[in-house]
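J.: Input structure: input.tsv, which contains TSV, C-alpha atoms.
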```tsv
chain	number	residue	atom	x	y	z
A	809	MET	CA	6.03	-73.56	-4.04
A	810	THR	CA	3.91	-70.96	-5.78
A	811	CYS	CA	1.09	-71.46	-3.28
A	812	SER	CA	3.51	-71.06	-0.41
A	813	ILE	CA	4.81	-67.70	-1.74
A	814	THR	CA	1.27	-66.44	-2.30
A	815	GLU	CA	0.26	-67.48	1.20
A	816	ASN	CA	3.28	-65.63	2.64
A	817	ARG	CA	2.35	-62.48	0.76
A	818	LEU	CA	-1.22	-62.66	1.99
A	819	SER	CA	0.11	-63.20	5.51
A	820	LEU	CA	2.27	-60.07	5.26
A	821	LEU	CA	-0.67	-58.03	4.02
A	822	THR	CA	-2.71	-59.26	6.96
A	823	LEU	CA	0.05	-58.24	9.37
A	824	ALA	CA	0.30	-54.73	7.84
A	825	PRO	CA	-3.26	-53.35	7.55
A	826	SER	CA	-3.95	-49.92	6.05
A	827	VAL	CA	-3.62	-47.01	8.49
A	828	SER	CA	-6.77	-44.88	8.44
A	829	HIS	CA	-7.10	-41.20	9.20
A	830	PRO	CA	-8.27	-40.60	12.78
A	831	PHE	CA	-11.02	-38.23	11.59
A	832	THR	CA	-13.15	-37.89	8.50
A	833	PRO	CA	-12.67	-35.34	5.66
A	834	PRO	CA	-13.42	-32.59	4.99
A	835	ILE	CA	-12.70	-30.42	8.04
A	836	GLU	CA	-12.87	-26.74	8.93
A	837	THR	CA	-9.54	-24.95	9.02
A	838	MET	CA	-8.23	-22.81	11.86
A	839	GLU	CA	-8.24	-19.19	10.71
A	840	ALA	CA	-6.56	-15.90	11.59
A	841	ARG	CA	-7.94	-12.46	12.39
A	842	THR	CA	-6.21	-9.55	10.68
A	843	SER	CA	-4.35	-6.94	12.70
A	844	GLU	CA	-2.18	-3.97	11.80
A	845	LYS	CA	-0.49	-4.13	15.21
A	846	TRP	CA	1.91	-6.75	16.53
A	847	PRO	CA	0.40	-8.76	19.39
A	848	GLN	CA	1.79	-8.56	22.91
A	849	GLY	CA	2.91	-11.75	24.63
A	850	GLU	CA	4.57	-15.03	23.71
A	851	TYR	CA	4.02	-16.08	20.11
A	852	LEU	CA	5.55	-18.15	17.35
A	853	TYR	CA	5.78	-16.36	14.00
A	854	GLU	CA	5.57	-17.67	10.43
A	855	PRO	CA	5.36	-16.01	6.98
A	856	LYS	CA	1.88	-15.71	5.48
A	857	TRP	CA	2.13	-17.12	1.96
A	858	ASP	CA	0.08	-15.93	-1.00
A	859	GLY	CA	-1.71	-19.08	-2.11
A	860	PHE	CA	-4.69	-21.41	-1.62
A	861	ARG	CA	-5.19	-22.89	1.84
A	862	ALA	CA	-4.92	-26.66	1.53
A	863	ILE	CA	-5.61	-29.61	3.83
A	864	SER	CA	-3.62	-32.53	2.36
A	865	TRP	CA	-4.66	-36.12	3.11
A	866	SER	CA	-2.46	-39.16	2.57
A	867	ALA	CA	-3.57	-42.69	1.66
A	868	PRO	CA	-5.87	-44.47	2.17
A	869	GLU	CA	-7.96	-41.49	0.94
A	870	THR	CA	-5.70	-39.07	-0.89
A	871	ARG	CA	-7.28	-35.66	-1.37
A	872	ILE	CA	-6.67	-31.94	-0.95
A	873	ASP	CA	-9.42	-29.74	0.46
A	874	SER	CA	-9.78	-25.96	0.40
A	875	ARG	CA	-10.58	-23.61	3.26
A	876	ASN	CA	-14.22	-23.94	2.15
A	877	GLN	CA	-13.98	-27.75	2.32
A	878	ARG	CA	-14.07	-28.11	-1.46
A	879	PRO	CA	-11.89	-30.66	-3.29
A	880	LEU	CA	-8.84	-29.15	-5.02
A	881	LEU	CA	-6.86	-32.13	-6.29
A	882	ARG	CA	-8.75	-32.14	-9.59
A	883	TYR	CA	-7.20	-28.75	-10.37
A	884	PHE	CA	-3.70	-29.75	-9.26
A	885	PRO	CA	-3.13	-33.30	-10.55
A	886	GLU	CA	0.66	-32.81	-10.35
A	887	LEU	CA	0.37	-32.81	-6.54
A	888	THR	CA	-0.85	-36.43	-6.40
A	889	PRO	CA	2.75	-37.76	-6.09
A	890	ALA	CA	3.28	-35.31	-3.20
A	891	LEU	CA	0.43	-36.93	-1.29
A	892	ALA	CA	1.97	-40.33	-1.97
A	893	GLN	CA	5.06	-39.20	-0.02
A	894	LEU	CA	3.01	-38.87	3.17
A	895	PRO	CA	2.76	-41.87	5.51
A	896	GLU	CA	-0.70	-43.44	5.59
A	897	GLY	CA	-3.13	-41.81	7.99
A	898	THR	CA	-1.42	-38.37	7.83
A	899	VAL	CA	-3.08	-34.96	7.44
A	900	VAL	CA	-1.11	-31.75	6.76
A	901	ASP	CA	-2.38	-28.17	6.91
A	902	GLY	CA	-0.66	-25.83	4.48
A	903	GLU	CA	-0.81	-23.74	1.32
A	904	ILE	CA	-0.73	-24.41	-2.42
A	905	VAL	CA	1.40	-21.89	-4.32
A	906	VAL	CA	2.69	-21.36	-7.84
A	907	VAL	CA	6.16	-19.83	-7.97
A	908	ALA	CA	7.42	-17.84	-10.97
A	909	ASP	CA	10.76	-16.03	-11.04
A	910	GLY	CA	11.22	-16.56	-7.32
A	911	VAL	CA	7.86	-15.18	-6.17
A	912	THR	CA	4.46	-16.73	-5.51
A	913	GLU	CA	1.97	-15.70	-8.22
A	914	PHE	CA	-1.64	-15.73	-7.06
A	915	ASP	CA	-2.94	-14.60	-10.45
A	916	VAL	CA	-1.35	-17.64	-12.10
A	917	LEU	CA	-2.65	-19.87	-9.31
A	918	GLN	CA	-6.23	-18.70	-9.89
A	919	GLN	CA	-6.04	-19.76	-13.53
A	920	ARG	CA	-5.90	-23.38	-12.37
A	921	ILE	CA	-9.54	-23.32	-11.22
A	922	HIS	CA	-10.81	-24.10	-14.69
A	923	PRO	CA	-13.62	-26.38	-15.93
A	924	ALA	CA	-11.59	-27.88	-18.79
A	925	ILE	CA	-9.37	-30.86	-17.91
A	926	SER	CA	-7.21	-30.19	-20.99
A	927	ARG	CA	-6.50	-26.66	-19.75
A	928	ILE	CA	-5.68	-27.88	-16.24
A	929	THR	CA	-3.33	-30.53	-17.63
A	930	LEU	CA	-1.50	-27.97	-19.76
A	931	LEU	CA	-1.11	-25.52	-16.86
A	932	SER	CA	0.00	-28.27	-14.48
A	933	GLU	CA	2.94	-28.83	-16.82
A	934	GLU	CA	3.68	-25.18	-17.58
A	935	THR	CA	3.19	-23.76	-14.07
A	936	PRO	CA	3.35	-26.68	-11.59
A	937	ALA	CA	2.13	-25.99	-8.07
A	938	GLU	CA	4.06	-26.52	-4.83
A	939	LEU	CA	2.99	-27.25	-1.26
A	940	ILE	CA	3.99	-25.37	1.90
A	941	ALA	CA	3.38	-27.23	5.18
A	942	PHE	CA	2.76	-25.31	8.42
A	943	ASP	CA	0.78	-27.66	10.68
A	944	LEU	CA	0.37	-31.39	11.23
A	945	LEU	CA	-3.09	-32.57	12.27
A	946	ALA	CA	-2.63	-36.33	12.04
A	947	ASP	CA	0.49	-38.48	11.92
A	948	ARG	CA	0.28	-42.14	10.84
A	949	GLY	CA	-3.23	-42.51	12.21
A	950	GLU	CA	-2.62	-40.52	15.42
A	951	ASP	CA	-4.85	-37.49	16.03
A	952	LEU	CA	-2.60	-34.52	16.96
A	953	ARG	CA	-5.21	-31.76	17.05
A	954	GLU	CA	-5.41	-31.53	20.85
A	955	LEU	CA	-1.63	-31.32	21.26
A	956	PRO	CA	0.00	-27.90	21.82
A	957	PHE	CA	1.09	-26.26	18.58
A	958	THR	CA	4.78	-26.55	19.60
A	959	GLU	CA	4.45	-30.36	19.73
A	960	ARG	CA	2.63	-30.48	16.39
A	961	ARG	CA	5.42	-28.34	14.90
A	962	GLU	CA	8.09	-30.73	16.22
A	963	ARG	CA	6.29	-33.66	14.62
A	964	LEU	CA	5.92	-31.69	11.37
A	965	VAL	CA	9.65	-30.87	11.27
A	966	GLU	CA	10.40	-34.57	11.74
A	967	LEU	CA	7.99	-35.52	8.95
A	968	ALA	CA	9.39	-32.84	6.61
A	969	ARG	CA	12.83	-34.49	6.71
A	970	SER	CA	11.36	-37.40	4.73
A	971	LEU	CA	9.54	-35.26	2.16
A	972	GLY	CA	10.96	-34.06	-1.14
A	973	ASP	CA	9.72	-31.71	-3.87
A	974	PRO	CA	7.18	-30.18	-4.17
A	975	TRP	CA	6.91	-30.08	-0.35
A	976	HIS	CA	8.33	-27.16	1.64
A	977	LEU	CA	8.37	-26.44	5.37
A	978	THR	CA	7.51	-22.85	6.25
A	979	PRO	CA	10.09	-21.02	8.41
A	980	GLN	CA	9.28	-20.26	12.05
A	981	THR	CA	10.75	-18.09	14.79
A	982	ASP	CA	9.90	-17.18	18.38
A	983	SER	CA	11.63	-13.80	17.99
A	984	GLU	CA	9.41	-10.80	17.24
A	985	GLU	CA	12.50	-8.93	16.05
A	986	ALA	CA	13.26	-11.65	13.51
A	987	ALA	CA	9.60	-11.77	12.43
A	988	ARG	CA	9.58	-8.01	11.88
A	989	GLY	CA	12.60	-8.49	9.64
A	990	TRP	CA	10.83	-11.23	7.69
A	991	PHE	CA	7.79	-8.93	7.31
A	992	ASP	CA	9.84	-6.70	5.00
A	993	GLU	CA	12.57	-9.02	3.69
A	994	PHE	CA	10.34	-11.92	2.60
A	995	GLU	CA	7.75	-9.84	0.77
A	996	SER	CA	9.81	-10.23	-2.41
A	997	ALA	CA	9.22	-14.00	-2.20
A	998	GLY	CA	5.43	-13.67	-1.98
A	999	CYS	CA	5.04	-13.31	1.79
A	1000	ASP	CA	2.09	-10.96	2.33
A	1001	GLY	CA	2.44	-10.69	6.09
A	1002	ILE	CA	3.24	-12.61	9.27
A	1003	VAL	CA	1.06	-15.09	11.18
A	1004	ALA	CA	1.41	-15.13	14.99
A	1005	LYS	CA	0.45	-18.38	16.76
A	1006	VAL	CA	0.04	-19.18	20.46
A	1007	PRO	CA	2.62	-21.90	21.31
A	1008	ASP	CA	0.42	-24.11	23.51
A	1009	LEU	CA	-2.80	-23.77	21.46
A	1010	ALA	CA	-4.69	-26.84	20.26
A	1011	TYR	CA	-6.03	-26.80	16.70
A	1012	GLN	CA	-9.21	-24.70	16.71
A	1013	HIS	CA	-11.50	-25.69	13.81
A	1014	GLY	CA	-13.34	-22.76	12.27
A	1015	LYS	CA	-12.06	-20.23	14.80
A	1016	ARG	CA	-9.90	-17.17	14.21
A	1017	ALA	CA	-7.35	-18.30	16.77
A	1018	MET	CA	-4.26	-16.91	15.01
A	1019	ILE	CA	-3.24	-13.32	14.27
A	1020	LYS	CA	-2.27	-12.12	10.80
A	1021	ILE	CA	-0.20	-8.95	10.52
A	1022	LYS	CA	-0.54	-7.74	6.93
A	1023	HIS	CA	1.23	-5.23	4.72
A	1024	ARG	CA	-0.69	-2.01	4.16
A	1025	ARG	CA	0.43	0.99	2.11
A	1026	THR	CA	-1.19	4.21	0.98
A	1027	VAL	CA	-1.40	5.59	-2.54
A	1028	ASP	CA	-3.08	8.56	-4.24
A	1029	CYS	CA	-5.47	7.52	-7.02
A	1030	VAL	CA	-7.70	9.27	-9.56
A	1031	VAL	CA	-11.41	8.45	-9.51
A	1032	GLY	CA	-12.28	7.37	-13.05
A	1033	GLY	CA	-15.81	6.16	-12.47
A	1034	PHE	CA	-18.30	4.67	-10.06
A	1035	ARG	CA	-20.78	1.86	-9.64
A	1036	GLU	CA	-24.19	2.65	-8.22
A	1037	HIS	CA	-25.31	0.83	-5.09
A	1038	LYS	CA	-27.85	-1.98	-5.63
A	1039	ASP	CA	-30.41	0.09	-3.65
A	1040	GLY	CA	-30.06	2.97	-6.11
A	1041	GLY	CA	-29.27	6.61	-5.49
A	1042	LYS	CA	-26.08	5.79	-3.59
A	1043	ILE	CA	-22.45	5.04	-4.37
A	1044	GLY	CA	-21.60	1.37	-4.45
A	1045	SER	CA	-17.91	1.81	-5.16
A	1046	LEU	CA	-15.46	4.30	-6.63
A	1047	LEU	CA	-13.33	3.01	-9.52
A	1048	LEU	CA	-9.71	4.05	-9.17
A	1049	GLY	CA	-6.98	4.65	-11.69
A	1050	LEU	CA	-3.29	5.51	-12.01
A	1051	TYR	CA	-1.55	6.96	-15.04
A	1052	ASP	CA	0.79	4.61	-16.89
A	1053	GLU	CA	3.95	5.52	-18.79
A	1054	ARG	CA	1.87	6.47	-21.87
A	1055	GLY	CA	-0.10	9.01	-19.85
A	1056	GLU	CA	-3.29	6.93	-19.99
A	1057	LEU	CA	-5.44	6.32	-16.94
A	1058	HIS	CA	-5.24	2.63	-16.05
A	1059	PHE	CA	-7.95	1.01	-13.90
A	1060	ILE	CA	-6.32	-0.41	-10.78
A	1061	GLY	CA	-9.14	-1.27	-8.39
A	1062	HIS	CA	-12.03	0.04	-6.35
A	1063	CYS	CA	-12.91	1.60	-3.03
A	1064	SER	CA	-16.09	0.85	-1.09
A	1065	GLY	CA	-17.22	0.59	2.51
A	1066	PHE	CA	-18.76	4.05	2.88
A	1067	GLY	CA	-21.53	4.78	5.38
A	1068	ASP	CA	-25.08	5.26	4.06
A	1069	HIS	CA	-25.09	9.05	4.53
A	1070	ASP	CA	-21.71	9.37	2.78
A	1071	ARG	CA	-22.87	7.08	-0.04
A	1072	VAL	CA	-25.70	9.46	-0.95
A	1073	GLU	CA	-23.51	12.56	-0.74
A	1074	ILE	CA	-20.71	11.01	-2.80
A	1075	TYR	CA	-23.19	9.78	-5.39
A	1076	GLU	CA	-24.64	13.27	-5.84
A	1077	ARG	CA	-21.13	14.69	-6.15
A	1078	PHE	CA	-20.02	12.33	-8.91
A	1079	LYS	CA	-23.32	12.50	-10.81
A	1080	GLU	CA	-22.27	16.05	-11.70
A	1081	LEU	CA	-18.94	14.77	-13.11
A	1082	VAL	CA	-20.32	12.09	-15.45
A	1083	ALA	CA	-18.35	11.92	-18.71
A	1084	ASP	CA	-18.30	9.86	-21.89
A	1085	GLU	CA	-14.98	8.23	-21.05
A	1086	SER	CA	-12.20	8.27	-18.48
A	1087	PHE	CA	-9.85	5.28	-18.58
A	1088	GLY	CA	-7.51	5.16	-21.57
A	1089	GLU	CA	-8.41	3.23	-24.71
A	1090	ARG	CA	-5.22	1.15	-24.54
A	1091	ALA	CA	-5.24	0.82	-20.76
A	1092	ARG	CA	-7.08	-1.62	-18.52
A	1093	ALA	CA	-10.69	-0.62	-17.86
A	1094	PRO	CA	-13.31	-1.95	-15.40
A	1095	GLY	CA	-16.19	-4.17	-16.40
A	1096	ALA	CA	-14.38	-7.03	-18.14
A	1097	GLN	CA	-16.18	-10.33	-17.69
A	1098	SER	CA	-14.40	-13.38	-16.32
A	1099	ARG	CA	-15.37	-16.69	-14.75
A	1100	TRP	CA	-14.85	-14.99	-11.37
A	1101	SER	CA	-17.43	-12.28	-12.11
A	1102	ALA	CA	-20.17	-14.44	-13.61
A	1103	GLY	CA	-23.58	-13.20	-12.56
A	1104	LYS	CA	-22.32	-9.89	-11.15
A	1105	ASP	CA	-23.53	-6.52	-12.37
A	1106	LEU	CA	-20.41	-4.89	-13.80
A	1107	ASP	CA	-22.08	-1.75	-15.17
A	1108	TRP	CA	-20.20	1.42	-14.30
A	1109	THR	CA	-20.33	5.14	-15.07
A	1110	PRO	CA	-17.22	7.07	-16.21
A	1111	VAL	CA	-16.50	10.49	-14.68
A	1112	GLN	CA	-14.12	13.35	-15.42
A	1113	ALA	CA	-10.71	12.26	-14.18
A	1114	GLY	CA	-10.04	15.12	-11.78
A	1115	VAL	CA	-10.84	13.91	-8.25
A	1116	VAL	CA	-7.96	12.41	-6.25
A	1117	VAL	CA	-8.35	10.17	-3.20
A	1118	GLU	CA	-5.82	8.67	-0.83
A	1119	VAL	CA	-6.50	4.98	-0.16
A	1120	SER	CA	-4.63	2.14	1.50
A	1121	TYR	CA	-4.18	-1.35	0.07
A	1122	ASP	CA	-2.75	-4.66	1.22
A	1123	GLN	CA	-1.68	-6.61	-1.88
A	1124	LEU	CA	-1.00	-6.06	-5.56
A	1125	GLU	CA	-1.87	-8.54	-8.26
A	1126	GLY	CA	0.10	-7.45	-11.29
A	1127	ASP	CA	-0.83	-3.80	-11.84
A	1128	ARG	CA	-4.02	-3.77	-9.78
A	1129	PHE	CA	-5.17	-4.07	-6.19
A	1130	ARG	CA	-6.08	-7.60	-5.12
A	1131	HIS	CA	-8.81	-6.48	-2.68
A	1132	ALA	CA	-10.97	-3.43	-2.16
A	1133	THR	CA	-8.97	-0.47	-0.86
A	1134	ARG	CA	-9.69	1.52	2.29
A	1135	PHE	CA	-10.65	5.18	1.88
A	1136	HIS	CA	-8.50	7.64	3.85
A	1137	ARG	CA	-9.19	11.14	2.57
A	1138	TRP	CA	-9.91	13.35	-0.42
A	1139	ARG	CA	-6.83	15.03	-1.95
A	1140	PRO	CA	-7.97	18.34	-3.57
A	1141	ASP	CA	-4.37	19.54	-3.27
A	1142	LYS	CA	-3.03	16.77	-5.51
A	1143	ASP	CA	-2.58	17.13	-9.28
A	1144	PRO	CA	-4.26	14.07	-10.88
A	1145	LEU	CA	-1.37	13.70	-13.35
A	1146	GLN	CA	0.96	13.05	-10.40
A	1147	CYS	CA	-0.98	9.88	-9.60
A	1148	THR	CA	1.21	7.45	-11.52
A	1149	MET	CA	2.09	3.77	-11.35
A	1150	GLU	CA	5.48	4.74	-9.94
A	1151	GLN	CA	3.81	5.12	-6.52
A	1152	LEU	CA	3.36	1.35	-6.28
A	1153	GLU	CA	6.13	-0.28	-4.27
A	1154	ARG	CA	7.73	-3.40	-5.72
A	1155	PRO	CA	9.49	-5.34	-2.94
A	1156	GLU	CA	13.10	-6.42	-3.43
A	1157	GLY	CA	14.87	-9.24	-1.63
A	1158	PRO	CA	15.28	-13.02	-1.59
A	1159	GLY	CA	13.24	-15.36	-3.79
A	1160	PHE	CA	10.80	-18.01	-2.58
A	1161	HIS	CA	13.20	-20.94	-2.73
A	1162	GLU	CA	15.78	-18.95	-0.76
A	1163	VAL	CA	13.28	-18.53	2.07
A	1164	VAL	CA	11.62	-21.96	2.43
A	1165	GLU	CA	13.29	-25.35	2.81
```
Taking this structure as input, can you express it in the form of structure tokens?

T.:
Amino acid sequence: MTCSITENRLSLLTLAPSVSHPFTPPIETMEARTSEKWPQGEYLYEPKWDGFRAISWSAPETRIDSRNQRPLLRYFPELTPALAQLPEGTVVDGEIVVVADGVTEFDVLQQRIHPAISRITLLSEETPAELIAFDLLADRGEDLRELPFTERRERLVELARSLGDPWHLTPQTDSEEAARGWFDEFESAGCDGIVAKVPDLAYQHGKRAMIKIKHRRTVDCVVGGFREHKDGGKIGSLLLGLYDERGELHFIGHCSGFGDHDRVEIYERFKELVADESFGERARAPGAQSRWSAGKDLDWTPVQAGVVVEVSYDQLEGDRFRHATRFHRWRPDKDPLQCTMEQLERPEGPGFHEVVE
């Protein structure tokens, strides 16, 4: 009797072989080009979430890969059960996020890329990550990449009905009016823009085949220092500050991207303003080392805090700019003490879990 049961089990296993992925990991992701204008024509629109791009693979080879085709699952062990929810042979394109108080927190997410397993384990319990799905590349062993995006989306919606936490399906609309509303309303949830996708487009590996409309705001900042260009005798970047509630100048980011002629002229101008200090003793200052800045020259020169510039920025990360700002103009008419943190806009509206399913 025992032999008979064992034989039956072996027979069932033979009848139900493992479903493989139709292509081999890792793969290049389809990317988006940034635009400050809304595209003309027929598009489908989705929120752009503030996280790590993630290609999620089901069994028989569970893994999560980054945009740069690097393995991520080691840093997010709590997402292993999420991969187990996917049918074998399935590949999902999406985003890893960490949500705190109803908003995605990129700063917290970055802390997960850590060499110590003990630290990763602790953070995976304290600040567990979640997954947002926005494209389906393979479904139960079937390669979907050549299908129009609308068909891949339909298959993804069907798959999402069978998935539980920590999976989420990103919202989508074909209405530009609705998308423009999301652009402002969803920012409070961690949406840093809108992605426009061509409905009948196949998946384009490594190509900027989507359009990303991003938030951009202007702010007046005080120049508190500079970094010299690696070639010498030129400005590398201007270090920007805003005054906090204590009246201390707080380092908030940098501005670069000047032409060579301007770099020399700006450098000569700020050489005459060199000072012993600029940013407040109790405020954030540039030059702090971190695992992200290893190997970089962080030397900088403080200057008298009297020059004001107007710059534009896309995202905030706490009380600093996430990326380099874009120079707009000098503001000799602006009192430096008017350049305060109160200029920074903090979006209000629905939280993350009110926006995604």

J.: Can you work out the spacing between CA of Ile940 (chain A) and CA of Pro868 (chain A) in Å, to one decimal?

T.: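 Those two atoms sit 21.5 Å apart.
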
J.: Report as lines of an AutoDock Vina configuration file the centre and the edge lengths, in Å to one decimal, of the axis-aligned box holding every listed atom of region 911-920 of chain A, padded by 4 Å on each side.

T.:
```
center_x = 0.8
center_y = -19.0
center_z = -9.5
size_x = 22.1
size_y = 16.8
size_z = 16.0
```

J.: Neighbours of Leu852 (chain A) within 7 Å (only C-alpha atoms; same-chain residues fewer than 4 positions away dropped), as a list in words?

T.: Gln980, Thr981, Asp982, Ala1004, Lys1005, Val1006 and Pro1007 of chain A

J.: Could you write those residues out with C-alpha atoms, as a PDB file, keeping the file's coordinate frame?

T.:
```pdb
ATOM      1  CA  GLN A 980       9.280 -20.260  12.050  1.00  0.00           C
ATOM      2  CA  THR A 981      10.750 -18.090  14.790  1.00  0.00           C
ATOM      3  CA  ASP A 982       9.900 -17.180  18.380  1.00  0.00           C
ATOM      4  CA  ALA A1004       1.410 -15.130  14.990  1.00  0.00           C
ATOM      5  CA  LYS A1005       0.450 -18.380  16.760  1.00  0.00           C
ATOM      6  CA  VAL A1006       0.040 -19.180  20.460  1.00  0.00           C
ATOM      7  CA  PRO A1007       2.620 -21.900  21.310  1.00  0.00           C
TER       8      PRO A1007
END
```

J.: Point out the residue among A:Ser843, A:Gln918, A:Ser996, A:Ser932 with the least atom-to-atom distance to Glu1156 (chain A), counting only C-alpha atoms.

T.: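 Among the listed residues, A:Ser996 lies closest to Glu1156 (chain A).
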
J.: Here is a test: counting all atoms listed in the file, which residue of A:Ile1074, A:Val1116, A:Asp909, A:Cys999 is nearest to Asp1141 (chain A)?

T.: A:Val1116

J.: Select from region 884-929 of chain A every residue with an atom at most 7 Å from any atom of region 944-967 of chain A, then for each give the shortest pair of atoms and their distance in Å to one decimal, using only C-alpha atoms, rows by chain and rising number, as CSV.

T.:
```
residue,atom,partner,partner_atom,distance
A:Pro895,CA,A:Arg948,CA,5.9
A:Glu896,CA,A:Arg948,CA,5.5
A:Gly897,CA,A:Gly949,CA,4.3
A:Thr898,CA,A:Asp947,CA,4.5
A:Val899,CA,A:Ala946,CA,4.8
A:Val900,CA,A:Leu944,CA,4.7
A:Asp901,CA,A:Leu944,CA,6.0
```

J.: Residues at most 12 Å from Asp873 (chain A), counting all atoms listed in the file, excluding those fewer than 3 positions away in the same chain, as a ChimeraX atom specification?

T.: /A:833-837,860-866,869-870,876-884,899-904

J.: Which residue, A:Ile1021, A:Leu1145, A:Val1119, A:Val1164, has the smallest gap to Arg841 (chain A) when you use only C-alpha atoms?

T.: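 Smallest distance to Arg841 (chain A) is found for A:Ile1021.
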
J.: CA of Ser1064 (chain A) to CA of Gly1040 (chain A): how many Å, to one decimal?

T.: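 CA of Ser1064 (chain A) sits 15.0 Å away from CA of Gly1040 (chain A).
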
J.: Could you state the separation of CA of Thr1148 (chain A) and CA of Arg1092 (chain A) in Å, given to one decimal place?

T.: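 Computing it gives 14.1 Å between the two atoms.
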
J.: Quick one: residues within 8 Å of Ala1132 (chain A), only C-alpha atoms counted, chain neighbours fewer than 3 positions away excluded, as a VMD selection string?

T.: chain A and resid 1061 to 1064 1121 1129

J.: In the coordinate frame of the file, compute which residues have an atom within 10 Å of (-1.3, -13.7, -1.4) when using only C-alpha atoms, and state them as a list in words.

T.: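 Checking each residue against the 10 Å limit leaves Lys856, Trp857, Asp858, Gly859, Phe860, Val905, Thr912, Glu913, Phe914, Asp915, Gly998, Cys999, Asp1000, Gly1001, Asp1122, Gln1123, Leu1124, Glu1125 and Arg1130 of chain A.
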
J.: Out of A:Glu1076, A:Asp1107, A:Asp1008, A:Glu1165, which residue has the shortest atom-to-atom distance to Leu977 (chain A) when counting all atoms listed in the file?

T.: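 Going through A:Glu1076, A:Asp1107, A:Asp1008, A:Glu1165 one by one, the smallest distance to Leu977 (chain A) is for A:Glu1165.
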
J.: Find the residues near Ile1060 (chain A): any atom within 8 Å, counting all atoms listed in the file, skip ones fewer than 2 places away on the same chain, and give them as an mmCIF file with C-alpha atoms, keeping the file's coordinate frame.

T.:
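result.cif, written as the output of this step:
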```cif
data_model
loop_
_atom_site.group_PDB
_atom_site.id
_atom_site.type_symbol
_atom_site.label_atom_id
_atom_site.label_comp_id
_atom_site.auth_asym_id
_atom_site.auth_seq_id
_atom_site.Cartn_x
_atom_site.Cartn_y
_atom_site.Cartn_z
ATOM 1 C CA LEU A 1047 -13.330 3.010 -9.520
ATOM 2 C CA LEU A 1048 -9.710 4.050 -9.170
ATOM 3 C CA GLY A 1049 -6.980 4.650 -11.690
ATOM 4 C CA LEU A 1050 -3.290 5.510 -12.010
ATOM 5 C CA HIS A 1058 -5.240 2.630 -16.050
ATOM 6 C CA HIS A 1062 -12.030 0.040 -6.350
ATOM 7 C CA ARG A 1092 -7.080 -1.620 -18.520
ATOM 8 C CA ASP A 1127 -0.830 -3.800 -11.840
ATOM 9 C CA ARG A 1128 -4.020 -3.770 -9.780
ATOM 10 C CA PHE A 1129 -5.170 -4.070 -6.190
#
```

J.: Could you give me, as a list in words, the residues within 7 Å of Pro974 (chain A), counting only C-alpha atoms and dropping anything in the same chain fewer than 6 positions from it?

T.: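 The neighbour list is Ala890, Glu938 and Leu939 of chain A.
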
J.: Take the residues just selected and output them with C-alpha atoms as a CSV table (one decimal), in the frame of the given file.

T.:
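Generated output (out_21.csv):
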```
chain,number,residue,atom,x,y,z
A,890,ALA,CA,3.3,-35.3,-3.2
A,938,GLU,CA,4.1,-26.5,-4.8
A,939,LEU,CA,3.0,-27.2,-1.3
```

J.: Do you have, as JSON lines, the list of residues of region 1011-1064 of chain A lying at most 10 Å from region 1111-1115 of chain A, each with its nearest atom pair and that distance in Å to one decimal, counting all atoms listed in the file and ordered by chain then number?

T.:
```
{"residue": "A:Cys1029", "atom": "CA", "partner": "A:Val1115", "partner_atom": "CA", "distance": 8.4}
{"residue": "A:Val1030", "atom": "CA", "partner": "A:Val1115", "partner_atom": "CA", "distance": 5.8}
{"residue": "A:Val1031", "atom": "CA", "partner": "A:Val1115", "partner_atom": "CA", "distance": 5.6}
{"residue": "A:Gly1032", "atom": "CA", "partner": "A:Ala1113", "partner_atom": "CA", "distance": 5.3}
{"residue": "A:Gly1033", "atom": "CA", "partner": "A:Val1111", "partner_atom": "CA", "distance": 4.9}
{"residue": "A:Phe1034", "atom": "CA", "partner": "A:Val1111", "partner_atom": "CA", "distance": 7.6}
{"residue": "A:Leu1047", "atom": "CA", "partner": "A:Val1111", "partner_atom": "CA", "distance": 9.6}
{"residue": "A:Leu1048", "atom": "CA", "partner": "A:Ala1113", "partner_atom": "CA", "distance": 9.7}
{"residue": "A:Gly1049", "atom": "CA", "partner": "A:Ala1113", "partner_atom": "CA", "distance": 8.8}
{"residue": "A:Leu1057", "atom": "CA", "partner": "A:Ala1113", "partner_atom": "CA", "distance": 8.4}
```

J.: Counting only C-alpha atoms, figure out which residue out of A:Val1027, A:Lys1015, A:Asp1039, A:Leu894 gets nearest to Trp1138 (chain A).

T.: A:Val1027
